[in-house]
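Novice: I have a structure I would like to understand better, so I am pasting it below and will then ask my questions one at a time.
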Amino acid sequence: SHGHDTSHDERTGLHNWHWLESMLPRQVARSSAHQAPLGLLLIEIDGFANYVARTGPAAGDQVCYAVARLLVNNFPPTDMVVSYDAGQFAVVLPDTDAASACVAGERARLAVSRAGVAILGESASLSLTLSVGVTELQPSTDASVFLAAAEAALQMAKNSGGNRVGMQ
C-alpha cells in the first residue's frame, strides 16, 4: 500500500470526486473540441443515510462496495464510474447523448434492484433501489455547470419518490 491515495475512495476502490474534479473538465473540453456528446449520471442509493443510521457505517461501506461492483459491471470500461459522496456515484459517459444516458441509467437501476446485496451477518439479502439523475453536456458550459445539472436531475428523481431515472 502506498499510503493515502487522494484519487481513490478506500471503501469502493473507485476513483473519487478529487479525481472527477480534475478529469471532468478534460472530458468537457474533449467533447466540445470534437463536438461529441457527453453524458453524466449521478446515482444515489435510496435511503442510504437512514440505512447507515440504523445499521452503522461498516454495513454502509459494504453496501457501497456491492453497488460499486454492480455499477462497474454494468458499464463498458470507457464509461467512468466514480465514488461521488456517501452512497452516491457519478458515471461519465463519453460520446453519449441524453437519450442513451437515460437508457444506461435505467439499466443500472434495474441491475441493482434485481441483484439484492448480501450483507455479512444478515440472513436475507438487502434489496436496494437507486435514484439516477441524467444530463447531457450543453454547448459552451463548463464542468461545474454540467455537474450542477446532474445534481438537479438527481434531486428531481429523489423528489418524485426515488427508484427512478430523472432527466434535466
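Chain identifiers are assigned as A, B, and so on, following the order in which chains appear in the C-alpha cells; residues are numbered from 1 within each chain, and ligands are numbered from 1 in order of appearance.
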Which residues come within 10 Å of Gly162 of chain A, counting only C-alpha atoms, excluding same-chain residues fewer than 2 positions away, as a list in words?
Specialist: Glu44, Ile45, Asp46, Gly47, Thr129, Leu130, Ser131, Val132, Leu154, Gln155, Met156, Ala157, Lys158, Asn159, Ser160, Arg164, Val165 and Gly166 of chain A
Novice: Would you kindly return, as a ChimeraX atom specification, each protein, DNA or RNA residue with an atom no farther than 10 Å from any atom of segment 6-14 of chain A, considering only C-alpha atoms and excluding same-chain residues fewer than 2 positions away?
Specialist: /A:3-4,16-22,58,60-69,72,80-85,89
Novice: Could you please take those selected residues and save C-alpha atoms as a PDB file, in the first residue's frame?
Specialist:
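Ended up saving to again_8.pdb:
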```pdb
ATOM      1  CA  GLY A   3      -0.459   5.328   1.990  1.00  0.00           C
ATOM      2  CA  HIS A   4      -3.477   7.533   1.327  1.00  0.00           C
ATOM      3  CA  ASN A  16     -13.268   9.588  -6.158  1.00  0.00           C
ATOM      4  CA  TRP A  17     -14.522  13.130  -6.610  1.00  0.00           C
ATOM      5  CA  HIS A  18     -10.985  14.581  -6.385  1.00  0.00           C
ATOM      6  CA  TRP A  19     -10.214  12.578  -9.499  1.00  0.00           C
ATOM      7  CA  LEU A  20     -13.534  13.575 -11.065  1.00  0.00           C
ATOM      8  CA  GLU A  21     -12.757  17.256 -10.454  1.00  0.00           C
ATOM      9  CA  SER A  22      -9.551  17.016 -12.495  1.00  0.00           C
ATOM     10  CA  ALA A  58     -19.483  -0.717   8.353  1.00  0.00           C
ATOM     11  CA  GLY A  60     -22.946   1.192   4.801  1.00  0.00           C
ATOM     12  CA  ASP A  61     -19.451   0.577   3.425  1.00  0.00           C
ATOM     13  CA  GLN A  62     -20.442  -2.957   2.404  1.00  0.00           C
ATOM     14  CA  VAL A  63     -23.491  -1.625   0.595  1.00  0.00           C
ATOM     15  CA  CYS A  64     -21.405   0.995  -1.244  1.00  0.00           C
ATOM     16  CA  TYR A  65     -18.847  -1.614  -2.230  1.00  0.00           C
ATOM     17  CA  ALA A  66     -21.523  -4.003  -3.531  1.00  0.00           C
ATOM     18  CA  VAL A  67     -23.283  -1.273  -5.524  1.00  0.00           C
ATOM     19  CA  ALA A  68     -19.926  -0.053  -6.892  1.00  0.00           C
ATOM     20  CA  ARG A  69     -19.218  -3.570  -8.232  1.00  0.00           C
ATOM     21  CA  VAL A  72     -18.750  -1.227 -12.799  1.00  0.00           C
ATOM     22  CA  MET A  80     -16.020   6.136 -15.822  1.00  0.00           C
ATOM     23  CA  VAL A  81     -17.717   5.103 -12.579  1.00  0.00           C
ATOM     24  CA  VAL A  82     -16.688   7.362  -9.695  1.00  0.00           C
ATOM     25  CA  SER A  83     -17.428   7.372  -5.965  1.00  0.00           C
ATOM     26  CA  TYR A  84     -19.057  10.794  -5.554  1.00  0.00           C
ATOM     27  CA  ASP A  85     -20.356  11.123  -1.996  1.00  0.00           C
ATOM     28  CA  PHE A  89     -21.790   7.613  -7.569  1.00  0.00           C
TER      29      PHE A  89
END
```
Novice: If you run DSSP on the backbone, which residues of segment 32-125 of chain A are strand (DSSP E), as a VMD selection string?
Specialist: chain A and resid 38 to 45 80 to 85 88 to 94
Novice: Show me, as a list in words, the residues that have an atom within 10 Å of segment 121-123 of chain A when counting only C-alpha atoms, minus same-chain residues fewer than 3 positions from it.
Specialist: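 In the requested form, the answer reads Ala59, Ala118 and Leu126 of chain A.
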Novice: Could those selected residues go to a file with N, CA, C and O atoms, as a PDB file, in the first residue's frame?
Specialist:
```pdb
ATOM      1  N   ALA A  59     -21.702  -1.491   7.718  1.00  0.00           N
ATOM      2  CA  ALA A  59     -22.694  -2.044   6.800  1.00  0.00           C
ATOM      3  C   ALA A  59     -22.880  -1.103   5.610  1.00  0.00           C
ATOM      4  O   ALA A  59     -23.034  -1.550   4.472  1.00  0.00           O
ATOM      5  N   ALA A 118     -25.877  -8.907  -0.520  1.00  0.00           N
ATOM      6  CA  ALA A 118     -25.640  -9.734   0.660  1.00  0.00           C
ATOM      7  C   ALA A 118     -24.784  -8.950   1.654  1.00  0.00           C
ATOM      8  O   ALA A 118     -23.752  -8.400   1.291  1.00  0.00           O
ATOM      9  N   LEU A 126     -30.261  -7.742   1.033  1.00  0.00           N
ATOM     10  CA  LEU A 126     -30.856  -6.408   1.118  1.00  0.00           C
ATOM     11  C   LEU A 126     -31.331  -5.986  -0.268  1.00  0.00           C
ATOM     12  O   LEU A 126     -30.564  -6.070  -1.228  1.00  0.00           O
TER      13      LEU A 126
END
```
Novice: Extract, using only C-alpha atoms, all DNA, RNA and protein residues at most 8 Å from Glu136 of chain A, discarding same-chain residues fewer than 3 positions from it, and format them as an NGL selection string.
Specialist: :A and (37-40 or 96-98 or 101 or 146)
Novice: Go ahead and save the residues from that selection, with N, CA and C atoms, as a compact mmCIF listing (two decimals), in the first residue's frame.
Specialist:
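Wrote it out as result.txt, contents follow:
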```
# COMPACT_ATOMS: atom_id res chain seq x y z
N PRO A 37 -21.11 14.26 -28.08
CA PRO A 37 -21.94 14.37 -26.87
C PRO A 37 -21.21 13.80 -25.66
N LEU A 38 -21.61 14.24 -24.48
CA LEU A 38 -21.04 13.74 -23.23
C LEU A 38 -22.18 13.63 -22.23
N GLY A 39 -22.37 12.43 -21.69
CA GLY A 39 -23.43 12.21 -20.72
C GLY A 39 -22.86 12.11 -19.32
N LEU A 40 -23.69 12.40 -18.33
CA LEU A 40 -23.29 12.30 -16.93
C LEU A 40 -24.46 11.78 -16.12
N THR A 96 -21.92 9.99 -25.50
CA THR A 96 -23.25 9.51 -25.14
C THR A 96 -24.20 10.69 -24.99
N ASP A 97 -25.29 10.65 -25.73
CA ASP A 97 -26.28 11.73 -25.61
C ASP A 97 -27.27 11.42 -24.48
N ALA A 98 -28.18 12.37 -24.24
CA ALA A 98 -29.10 12.25 -23.11
C ALA A 98 -29.95 10.99 -23.19
N ALA A 101 -27.87 8.01 -22.37
CA ALA A 101 -27.50 8.07 -20.95
C ALA A 101 -28.68 7.63 -20.08
N PHE A 146 -22.21 21.53 -15.61
CA PHE A 146 -22.57 20.17 -16.02
C PHE A 146 -22.94 19.34 -14.79
```
Novice: Pick from A:Pro94, A:Pro76, A:Gly161, A:Gly116: nearest to Leu137 of chain A, with only C-alpha atoms counted?
Specialist: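 For Leu137 of chain A, the nearest of the candidates is A:Pro94.
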